[in-house]
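Asks: One file is attached below, entry.txt, containing compact mmCIF, C-alpha atoms.
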```txt
# COMPACT_ATOMS: atom_id res chain seq x y z
CA MET A 284 71.75 61.00 -41.95
CA ARG A 285 73.06 60.78 -38.39
CA LYS A 286 75.66 63.51 -38.69
CA LEU A 287 73.21 65.75 -40.50
CA LEU A 288 70.73 65.39 -37.65
CA LEU A 289 73.30 66.23 -35.00
CA VAL A 290 75.00 69.19 -36.65
CA LEU A 291 73.00 71.72 -34.70
CA GLY A 292 72.88 69.77 -31.44
CA VAL A 293 75.50 71.83 -29.64
CA SER A 294 74.93 75.12 -31.37
CA VAL A 295 71.29 75.85 -32.03
CA LEU A 296 69.11 78.22 -30.02
CA VAL A 297 65.37 78.43 -30.62
CA LEU A 298 64.24 81.80 -31.90
CA SER A 299 64.02 84.71 -29.45
CA ALA A 300 61.00 86.62 -28.20
CA CYS A 301 60.73 88.83 -31.27
CA HIS A 302 59.58 85.73 -33.16
CA LYS A 303 57.25 84.55 -30.43
CA ALA A 304 54.33 84.21 -32.83
CA THR A 305 56.29 81.66 -34.80
CA GLU A 306 57.36 79.74 -31.70
CA ASP A 307 53.86 79.67 -30.30
CA SER A 308 52.54 78.24 -33.55
CA VAL A 309 55.06 75.40 -33.33
CA THR A 310 54.77 74.57 -29.65
CA ASN A 311 51.04 74.97 -29.00
CA PRO A 312 49.46 71.57 -29.76
CA SER A 313 45.94 72.93 -29.47
CA THR A 314 46.34 75.28 -32.45
CA PRO A 315 45.12 73.81 -35.75
CA ARG A 316 47.97 73.35 -38.24
CA GLU A 317 46.23 75.38 -40.95
CA GLN A 318 45.82 78.30 -38.54
CA GLU A 319 49.42 78.00 -37.39
CA THR A 320 50.99 78.35 -40.80
CA LYS A 321 48.77 81.26 -41.78
CA GLU A 322 50.28 83.22 -38.89
CA VAL A 323 53.85 82.59 -40.04
CA THR A 324 55.63 85.67 -41.37
CA ASN A 325 59.19 84.30 -41.58
CA TYR A 326 59.48 81.03 -43.48
CA PHE A 327 63.11 80.28 -42.67
CA HIS A 328 62.57 80.80 -38.94
CA TYR A 329 59.48 78.59 -38.98
CA LEU A 330 61.46 75.78 -40.59
CA ALA A 331 64.25 76.26 -38.04
CA ALA A 332 61.82 76.14 -35.12
CA SER A 333 60.23 72.94 -36.47
CA TYR A 334 63.66 71.36 -36.86
CA GLN A 335 64.77 72.34 -33.37
CA LYS A 336 61.58 71.09 -31.75
CA ALA A 337 61.97 67.68 -33.43
CA LEU A 338 65.68 67.60 -32.54
CA SER A 339 64.89 68.20 -28.87
CA HIS A 340 62.15 65.56 -28.95
CA GLU A 341 64.52 63.07 -30.56
CA LYS A 342 67.04 63.55 -27.75
CA GLU A 343 64.41 63.23 -25.03
CA ALA A 344 62.78 60.10 -26.47
CA LYS A 345 65.82 57.96 -27.28
CA ASP A 346 63.95 54.67 -26.89
CA THR A 347 60.87 55.73 -28.87
CA ALA A 348 60.32 55.96 -32.60
CA VAL A 349 60.00 59.67 -33.34
CA GLN A 350 59.88 61.86 -36.40
CA SER A 351 63.37 62.85 -37.54
CA PRO A 352 64.26 66.57 -37.50
CA MET A 353 64.64 66.74 -41.29
CA ALA A 354 61.34 64.90 -41.80
CA ALA A 355 59.69 67.40 -39.45
CA THR A 356 61.15 70.25 -41.48
CA LEU A 357 59.79 68.73 -44.67
CA VAL A 358 56.31 68.58 -43.13
CA ALA A 359 56.64 72.21 -42.04
CA MET A 360 57.63 73.22 -45.57
CA GLU A 361 54.59 71.48 -47.07
CA GLU A 362 52.31 73.17 -44.54
CA LEU A 363 53.75 76.56 -45.48
CA GLN A 364 53.16 75.88 -49.18
CA LEU A 365 49.58 74.76 -48.47
CA SER A 366 48.78 77.93 -46.53
CA ASN A 367 50.73 80.28 -48.83
CA PRO A 368 50.07 78.98 -52.36
CA THR A 369 51.36 82.14 -54.06
CA ASP A 370 54.74 81.77 -52.30
CA GLN A 371 55.48 78.13 -53.14
CA ALA A 372 58.71 78.80 -55.04
CA LEU A 373 59.95 81.17 -52.31
CA ILE A 374 59.15 78.64 -49.59
CA MET A 375 61.03 75.92 -51.52
CA LYS A 376 64.06 78.23 -51.78
CA ASN A 377 63.96 78.79 -47.99
CA TYR A 378 63.62 75.04 -47.42
CA SER A 379 66.49 74.21 -49.77
CA ASP A 380 68.75 76.83 -48.19
CA PHE A 381 67.80 75.62 -44.72
CA GLN A 382 69.01 72.12 -45.57
CA LYS A 383 72.25 73.53 -46.94
CA LEU A 384 72.84 75.53 -43.77
CA VAL A 385 72.28 72.42 -41.66
CA GLN A 386 74.60 70.39 -43.89
CA TYR A 387 77.39 72.97 -43.97
CA ASN A 388 80.52 71.68 -42.19
CA THR A 389 81.98 74.71 -40.40
CA GLU A 390 84.96 72.92 -38.90
CA LYS A 391 86.00 71.23 -42.15
CA TRP A 392 85.92 74.49 -44.10
CA GLN A 393 87.93 76.16 -41.35
CA GLU A 394 90.69 73.61 -41.98
CA GLU A 395 90.64 74.17 -45.74
CA PHE A 396 90.48 77.95 -45.50
CA ALA A 397 93.37 78.00 -43.02
CA SER A 398 95.43 75.96 -45.48
CA TRP A 399 94.65 78.44 -48.27
CA ALA A 400 95.46 81.42 -46.02
CA SER A 401 98.77 79.86 -45.03
CA SER A 402 99.70 79.47 -48.70
CA MET A 403 99.04 83.21 -49.07
CA GLY A 404 101.14 84.07 -46.01
CA GLN A 405 98.02 85.25 -44.20
CA SER A 406 96.19 84.42 -40.99
CA TYR A 407 92.46 84.89 -40.36
CA HIS A 408 90.02 85.00 -37.47
CA ARG A 409 86.74 83.15 -37.90
CA LEU A 410 83.74 85.19 -36.82
CA GLU A 411 82.28 82.94 -34.15
CA HIS A 412 78.59 82.28 -34.55
CA ARG A 413 75.83 79.79 -33.92
CA ASN A 414 73.11 79.03 -36.41
CA PHE A 415 69.88 80.94 -35.70
CA ASP A 416 71.59 83.17 -33.09
CA GLU A 417 69.93 86.58 -33.47
CA LYS A 418 72.47 88.26 -31.19
CA ASN A 419 75.42 87.73 -33.52
CA GLU A 420 77.17 91.05 -34.09
CA LEU A 421 77.42 90.58 -37.85
CA ILE A 422 73.63 90.83 -38.28
CA GLU A 423 73.44 94.51 -37.36
CA LYS A 424 76.69 95.39 -39.14
CA LEU A 425 75.56 94.00 -42.51
CA GLU A 426 72.26 95.91 -42.56
CA THR A 427 73.79 98.95 -44.27
CA THR A 428 76.26 97.17 -46.55
CA THR A 429 75.99 96.71 -50.32
CA VAL A 430 77.14 94.18 -52.90
CA SER A 431 78.41 95.59 -56.20
CA GLN A 432 77.04 98.97 -55.07
CA LYS A 433 73.50 97.55 -54.65
CA LYS A 434 71.47 97.22 -51.46
CA VAL A 435 70.82 93.55 -50.71
CA ARG A 436 68.88 91.44 -48.22
CA TRP A 437 70.81 89.05 -46.00
CA ASN A 438 70.13 85.73 -44.32
CA ILE A 439 72.97 85.60 -41.78
CA PHE A 440 73.62 82.15 -40.33
CA GLY A 441 69.87 81.44 -40.55
CA VAL A 442 68.60 84.79 -39.28
CA SER A 443 66.72 86.85 -41.84
CA SER A 444 64.22 89.69 -41.73
CA ASP A 445 62.98 89.01 -45.27
CA ASN A 446 61.73 85.78 -46.85
CA ALA A 447 63.09 86.94 -50.21
CA TYR A 448 66.68 87.41 -49.05
CA ASP A 449 69.48 87.56 -51.63
CA TYR A 450 72.42 85.94 -49.80
CA LEU A 451 72.65 83.14 -47.26
CA VAL A 452 75.83 83.69 -45.22
CA LEU A 453 77.44 80.41 -44.17
CA ASP A 454 80.74 81.72 -42.75
CA ALA A 455 82.76 84.90 -42.20
CA TYR A 456 86.51 85.48 -41.76
CA TYR A 457 88.57 88.62 -41.23
CA ASP A 458 92.24 89.58 -40.98
CA ASP A 459 92.72 92.77 -38.98
CA GLN A 460 96.31 93.26 -40.03
CA ALA A 461 95.73 93.05 -43.78
CA ARG A 462 92.19 94.42 -43.57
CA HIS A 463 90.62 91.55 -45.49
CA PHE A 464 87.04 90.44 -44.81
CA TYR A 465 85.46 87.41 -46.48
CA LEU A 466 81.84 86.27 -46.51
CA PHE A 467 81.22 82.72 -47.71
CA THR A 468 77.70 82.67 -49.07
CA LEU A 469 75.09 81.03 -51.25
CA LYS A 470 73.19 83.10 -53.80
CA ASP A 471 70.32 81.25 -55.48
CA GLY A 472 71.91 78.02 -54.25
CA GLN A 473 75.31 78.75 -55.81
CA ALA A 474 78.59 79.31 -53.95
CA GLN A 475 79.77 82.91 -53.91
CA VAL A 476 82.70 84.39 -51.97
CA LEU A 477 82.33 88.11 -51.17
CA TYR A 478 85.30 90.30 -50.27
CA ALA A 479 85.89 93.72 -48.71
CA ASP A 480 89.04 95.48 -47.54
CA LYS A 481 87.62 96.45 -44.14
CA THR A 482 87.88 95.22 -40.57
CA LEU A 483 85.02 93.89 -38.47
CA GLU A 484 84.71 97.25 -36.71
CA THR A 485 84.33 99.25 -39.93
CA ILE A 486 82.38 96.80 -42.05
CA SER A 487 78.98 98.45 -41.66
CA ALA A 488 79.83 101.02 -44.37
CA VAL A 489 81.41 98.59 -46.80
CA ASN A 490 80.63 97.55 -50.36
CA PHE A 491 81.30 93.84 -51.01
CA GLU A 492 82.43 92.47 -54.35
CA GLU A 493 82.95 88.91 -55.53
CA THR A 494 86.52 87.90 -54.73
CA GLU A 495 89.00 88.12 -57.58
CA ASN A 496 90.97 85.24 -56.09
CA THR A 497 89.85 82.43 -58.37
CA ASP A 498 91.64 79.76 -56.32
CA LEU A 499 89.64 80.66 -53.21
CA ALA A 500 86.34 80.96 -55.09
CA GLN A 501 86.82 77.61 -56.82
CA GLY A 502 88.04 76.00 -53.60
CA PHE A 503 84.87 77.02 -51.75
CA LYS A 504 82.66 75.86 -54.61
CA GLU A 505 84.37 72.47 -54.72
CA PHE A 506 84.18 72.17 -50.94
CA LEU A 507 80.40 72.63 -51.00
CA LEU A 508 80.08 70.14 -53.85
CA LYS A 509 82.08 67.41 -52.17
CA THR A 510 80.31 67.88 -48.82
CA GLY A 511 76.88 67.79 -50.41
CA VAL A 512 75.87 71.46 -50.09
CA THR A 513 75.05 71.52 -53.78
CA THR A 514 72.25 71.92 -56.28
CA GLU A 515 70.94 69.23 -58.59
CA ASN A 516 72.58 70.73 -61.66
CA GLU A 517 76.00 70.77 -59.98
CA PRO A 518 76.92 67.15 -59.14
CA ASP A 519 80.21 66.26 -57.54
CA ALA A 520 82.86 66.76 -60.22
CA ASP A 521 84.25 63.26 -59.63
CA ASN A 522 80.84 61.66 -60.33
CA SER A 523 79.35 64.05 -62.88
CA ALA A 524 80.05 61.78 -65.87
CA LEU A 525 78.57 58.76 -64.08
CA ILE A 526 75.48 60.74 -63.03
CA ASP A 527 75.01 61.81 -66.66
CA LYS A 528 75.15 58.14 -67.72
CA ILE A 529 72.58 57.27 -65.06
CA LYS A 530 70.27 59.99 -66.38
CA VAL A 531 70.47 58.60 -69.93
CA ALA A 532 69.94 55.03 -68.71
CA MET A 533 66.89 56.05 -66.66
CA GLU A 534 65.39 57.75 -69.72
CA SER A 535 65.78 54.48 -71.67
CA TYR A 536 64.38 52.48 -68.75
CA SER A 537 61.41 54.84 -68.46
CA ASP A 538 60.69 54.49 -72.18
CA SER A 539 60.84 50.69 -71.92
CA LYS A 540 58.23 50.74 -69.14
CA SER A 541 56.19 53.63 -70.61
CA GLU A 542 56.40 55.27 -67.20
CA LYS A 543 58.04 58.50 -66.08
CA PHE A 544 60.67 58.64 -63.32
CA LYS A 545 61.71 61.82 -61.52
CA SER A 546 65.23 62.52 -60.26
CA THR A 547 65.17 63.61 -56.61
CA ASN A 548 67.61 64.87 -54.00
CA LEU A 549 67.46 66.37 -50.51
CA ALA A 550 66.12 69.65 -51.89
CA THR A 551 63.79 68.35 -54.65
CA TYR A 552 61.95 65.43 -53.14
CA GLY A 553 59.37 62.97 -54.45
CA ARG A 554 56.84 60.62 -52.84
CA TYR A 555 56.83 56.84 -52.36
CA TYR A 556 53.55 55.61 -50.82
CA GLY A 557 53.40 58.88 -48.90
CA LEU A 558 57.03 58.81 -47.72
CA ALA A 559 59.38 61.63 -48.74
CA VAL A 560 62.05 60.53 -51.23
CA PRO A 561 64.91 60.50 -50.41
CA ASP A 562 64.60 61.93 -46.86
CA GLN A 563 62.39 59.30 -45.24
CA ILE A 564 63.52 56.31 -47.27
CA MET A 565 67.06 57.08 -46.07
CA GLN A 566 65.73 57.17 -42.53
CA PHE A 567 63.72 53.94 -42.73
CA GLY A 568 65.38 51.92 -45.52
CA GLN A 569 66.59 48.34 -45.32
CA VAL A 570 68.71 46.49 -47.91
CA ASP A 571 68.15 42.79 -48.49
CA GLY A 572 66.43 42.60 -45.09
CA GLU A 573 69.26 44.29 -43.16
CA ASN A 574 69.35 47.74 -41.61
CA TYR A 575 71.63 50.08 -43.54
CA THR A 576 72.92 53.58 -42.96
CA PHE A 577 72.29 55.60 -46.10
CA LYS A 578 74.84 58.23 -47.06
CA TRP A 579 74.41 61.22 -49.33
CA HIS A 580 77.84 62.70 -50.06
CA GLY A 581 79.72 63.02 -46.76
CA TYR A 582 77.08 62.91 -44.06
CA THR A 583 76.68 59.49 -42.55
CA VAL A 584 78.84 56.60 -41.45
CA GLY A 585 78.07 53.05 -40.52
CA GLU A 586 79.44 49.55 -40.68
CA LYS A 587 76.95 48.67 -43.44
CA ARG A 588 76.52 51.61 -45.72
CA PHE A 589 74.92 52.54 -49.02
CA GLU A 590 76.26 55.71 -50.62
CA ILE A 591 73.71 57.30 -52.95
CA LEU A 592 74.76 58.75 -56.29
CA ALA A 593 71.30 59.25 -57.77
CA CYS A 594 67.72 58.65 -56.70
CA TYR A 595 64.63 58.24 -58.89
CA VAL A 596 60.95 57.76 -58.06
CA ASN A 597 58.22 56.93 -60.55
CA GLU A 598 55.33 59.28 -61.23
CA ALA A 599 52.86 56.99 -59.44
CA GLY A 600 54.96 57.10 -56.28
CA THR A 601 55.18 53.31 -56.05
CA GLU A 602 58.76 52.60 -57.09
CA VAL A 603 62.15 54.00 -56.07
CA ILE A 604 65.49 53.23 -57.74
CA LEU A 605 68.83 54.12 -56.11
CA PHE A 606 72.22 54.17 -57.83
CA GLY A 607 75.30 54.07 -55.62
CA TYR A 608 77.80 51.97 -53.73
CA LYS A 609 76.82 49.20 -51.33
CA ASP A 610 79.72 48.68 -48.94
CA GLY A 611 81.96 50.19 -51.62
CA ARG A 612 80.63 48.11 -54.54
CA PRO A 613 78.62 49.63 -57.46
CA THR A 614 75.01 48.64 -56.86
CA ILE A 615 71.49 49.47 -58.00
CA LEU A 616 68.70 49.12 -55.43
CA HIS A 617 64.98 48.79 -56.09
CA THR A 618 62.05 48.98 -53.68
CA GLU A 619 60.09 45.77 -53.12
CA GLY A 620 56.45 45.86 -52.06
CA GLN A 621 54.76 48.58 -50.07
CA PRO A 622 56.53 50.06 -47.04
CA GLU A 623 55.24 49.38 -43.55
CA ILE A 624 54.27 52.78 -42.14
CA GLU A 625 53.39 53.68 -38.55
CA LYS A 626 51.66 56.98 -37.79
CA ASN A 627 50.62 58.71 -34.58
CA GLU A 628 47.11 59.98 -33.87
CA ALA A 629 47.84 63.25 -35.68
CA GLY A 630 48.75 61.34 -38.83
CA THR A 631 52.49 62.08 -38.57
CA ILE A 632 54.79 59.28 -39.74
CA ILE A 633 56.84 58.15 -36.74
CA ASN A 634 58.27 54.90 -38.07
CA ALA A 635 58.44 52.88 -41.28
CA GLN A 636 60.22 50.06 -43.02
CA VAL A 637 61.19 50.52 -46.66
CA HIS A 638 62.46 47.34 -48.30
CA PHE A 639 65.21 47.61 -50.92
CA ALA A 640 66.83 44.79 -52.85
CA SER A 641 69.62 44.65 -55.39
CA PHE A 642 68.22 45.34 -58.85
CA HIS A 643 69.69 43.51 -61.83
CA GLN A 644 68.40 45.32 -64.90
CA PRO A 645 70.56 45.26 -68.07
CA ILE A 646 69.73 48.79 -69.24
CA LEU A 647 70.61 50.30 -65.88
CA GLU A 648 73.55 48.10 -64.91
CA GLY A 649 75.44 49.32 -67.96
CA VAL A 650 76.12 52.68 -66.27
CA PHE A 651 78.80 51.08 -64.10
CA ASN A 652 80.64 49.44 -66.99
```
Could you express the structure from this file as structure tokens?
Replies:
Amino acid sequence: MRKLLLVLGVSVLVLSACHKATEDSVTNPSTPREQETKEVTNYFHYLAASYQKALSHEKEAKDTAVQSPMAATLVAMEELQLSNPTDQALIMKNYSDFQKLVQYNTEKWQEEFASWASSMGQSYHRLEHRNFDEKNELIEKLETTTVSQKKVRWNIFGVSSDNAYDYLVLDAYYDDQARHFYLFTLKDGQAQVLYADKTLETISAVNFEETENTDLAQGFKEFLLKTGVTTENEPDADNSALIDKIKVAMESYSDSKSEKFKSTNLATYGRYYGLAVPDQIMQFGQVDGENYTFKWHGYTVGEKRFEILACYVNEAGTEVILFGYKDGRPTILHTEGQPEIEKNEAGTIINAQVHFASFHQPILEGVFN
């Protein structure tokens, strides 16, 4: 998770004064948590502030076990759902999109988009931005725009005036000479490339449409899939068949044990003795007694690494099964015993040890044959 945790390190600014109520609720330790979340009016900004606070704390306390930024964001999401029970689905959408914004690799897409533009004999400028920067010029310009002739609500690089926004903008490129303007977005978690034949200066009166360039649209979709900015029903194309086999095998395994197992990912988590699955087991997991760096798609590196293909947790929250590659070899891991969990006085998990071991189970091992 290391790269994921550092993505915003050089670029993030905490929300400005117009969201002071949100900031105060995050930074004032004397305010009860239940009261804090009731005051929140912008879910995405609250999640961002919680992430940034934990990121700053992590940097300041290098020698101390602290809550990871993504774990802090998960806690913030659960608090929002507790205090706003009628908005649970909307809060989960904001949380899922927040993770995707954090995971999005701006520099890598810039390389791929430049390659596509070169093949078209074109050259583009990237609209410079920082996540959660409310002063970005695109925010004001998009307020009066439409998509397919309909007024829409925008979340622009993590800045949104409406919890129920329609589009999360991840990137923007324009070509003054050819008057092309592209927005690279997510709509309901799915990749969507919007196009207009305007310049940056004249974009405020524009109507966007989905690009008709199928190569670009498919290229962006595949880029998000291979870098992990994806939904559960859109696995990496290279592993989709294997993931389908894992799903069938887990159904057979569940039937053999008369116990249900739930598939989880970074956006749809489960619980294992109170730990978030997979977020916190990736943070605190060990394999055969050794510390491992867990990788989901393209995010983390390490000398000893386990790359996760699929993650399952049982309904009781006492057993986790991981399918993936241990140091490049197909492997199934299984939790052993209860994790060792350390909490601070407020009850926040600050450290843990989750013990995994190789799992040799005939029904499940068949997926790699």
Asks: Smallest atom-to-atom distance to Ile486 in chain A: which of A:Lys434, A:Lys504, A:Arg554, A:Lys424, using all atoms listed in the file?
Replies: A:Lys424
Asks: How far is it from CA of Met360 in chain A to CA of Val512 in chain A, in Å with one decimal?
Replies: 18.9 Å
Asks: Go ahead and find all residues with at least one atom no further than 7 Å from (74.0, 80.2, -39.2) in the file's coordinates, using only C-alpha atoms; report them as a list in words.
Replies: Leu384, His412, Arg413, Asn414, Phe415, Ile439, Phe440, Gly441 and Leu453 of chain A
Asks: What's the 8 Å shell around range 562-574 of chain A, counting only C-alpha atoms, without same-chain residues fewer than 4 positions away, as a list in words?
Replies: Met284, Ser351, Met353, Ala354, Leu549, Tyr552, Leu558, Lys578, Lys587, Leu616, Asn634, Ala635, Gln636, Val637, His638, Phe639, Ala640 and Ser641 of chain A
Asks: Restricting the calculation to all atoms listed in the file: of A:Val430, A:Val452, A:Ile633, A:Leu469, which residue gets closest to Phe491 in chain A?
Replies: A:Val430
Asks: Looking at A:Asp380, A:Ile646, A:Arg409, A:Leu425, which one is nearest to Asp538 in chain A, with distances taken over all atoms listed in the file?
Replies: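 So, comparing all the options, the nearest one is A:Ile646.
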Asks: Of the candidates A:Glu362, A:Ser402, A:Gly607, A:Leu483, which one gets nearest to Arg588 in chain A if we count all atoms listed in the file?
Replies: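 Between A:Glu362, A:Ser402, A:Gly607, A:Leu483, the residue approaching Arg588 in chain A most closely is A:Gly607.
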Asks: Using only C-alpha atoms for the distances, tell me which of A:Tyr456, A:Leu466, A:Lys391, A:Gly553 is nearest to Trp437 in chain A.
Replies: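 For Trp437 in chain A, the nearest of the given residues is A:Leu466.
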Asks: If we count all atoms listed in the file and set the cut-off at 8 Å, which residues sit around range 458-462 of chain A, ignoring sequence neighbours fewer than 3 positions away in its own chain? Please answer as a list in words.
Replies: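 Counting all atoms listed in the file, the residues come to Gln405, Ser406, Tyr407, His408, Asp480, Lys481, Thr482 and Leu483 of chain A.
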Asks: Using all atoms listed in the file, which residues sit within 10 Å of Gly600 in chain A once same-chain residues fewer than 6 positions away are excluded, as a PyMOL selection string?
Replies: chain A and resi 544-545+553-560
Asks: Would you put the residues from that selection into a file with C-alpha atoms, as a PDB file, keeping the file's coordinate frame?
Replies:
```pdb
ATOM      1  CA  PHE A 544      60.670  58.640 -63.320  1.00  0.00           C
ATOM      2  CA  LYS A 545      61.710  61.820 -61.520  1.00  0.00           C
ATOM      3  CA  GLY A 553      59.370  62.970 -54.450  1.00  0.00           C
ATOM      4  CA  ARG A 554      56.840  60.620 -52.840  1.00  0.00           C
ATOM      5  CA  TYR A 555      56.830  56.840 -52.360  1.00  0.00           C
ATOM      6  CA  TYR A 556      53.550  55.610 -50.820  1.00  0.00           C
ATOM      7  CA  GLY A 557      53.400  58.880 -48.900  1.00  0.00           C
ATOM      8  CA  LEU A 558      57.030  58.810 -47.720  1.00  0.00           C
ATOM      9  CA  ALA A 559      59.380  61.630 -48.740  1.00  0.00           C
ATOM     10  CA  VAL A 560      62.050  60.530 -51.230  1.00  0.00           C
TER      11      VAL A 560
END
```
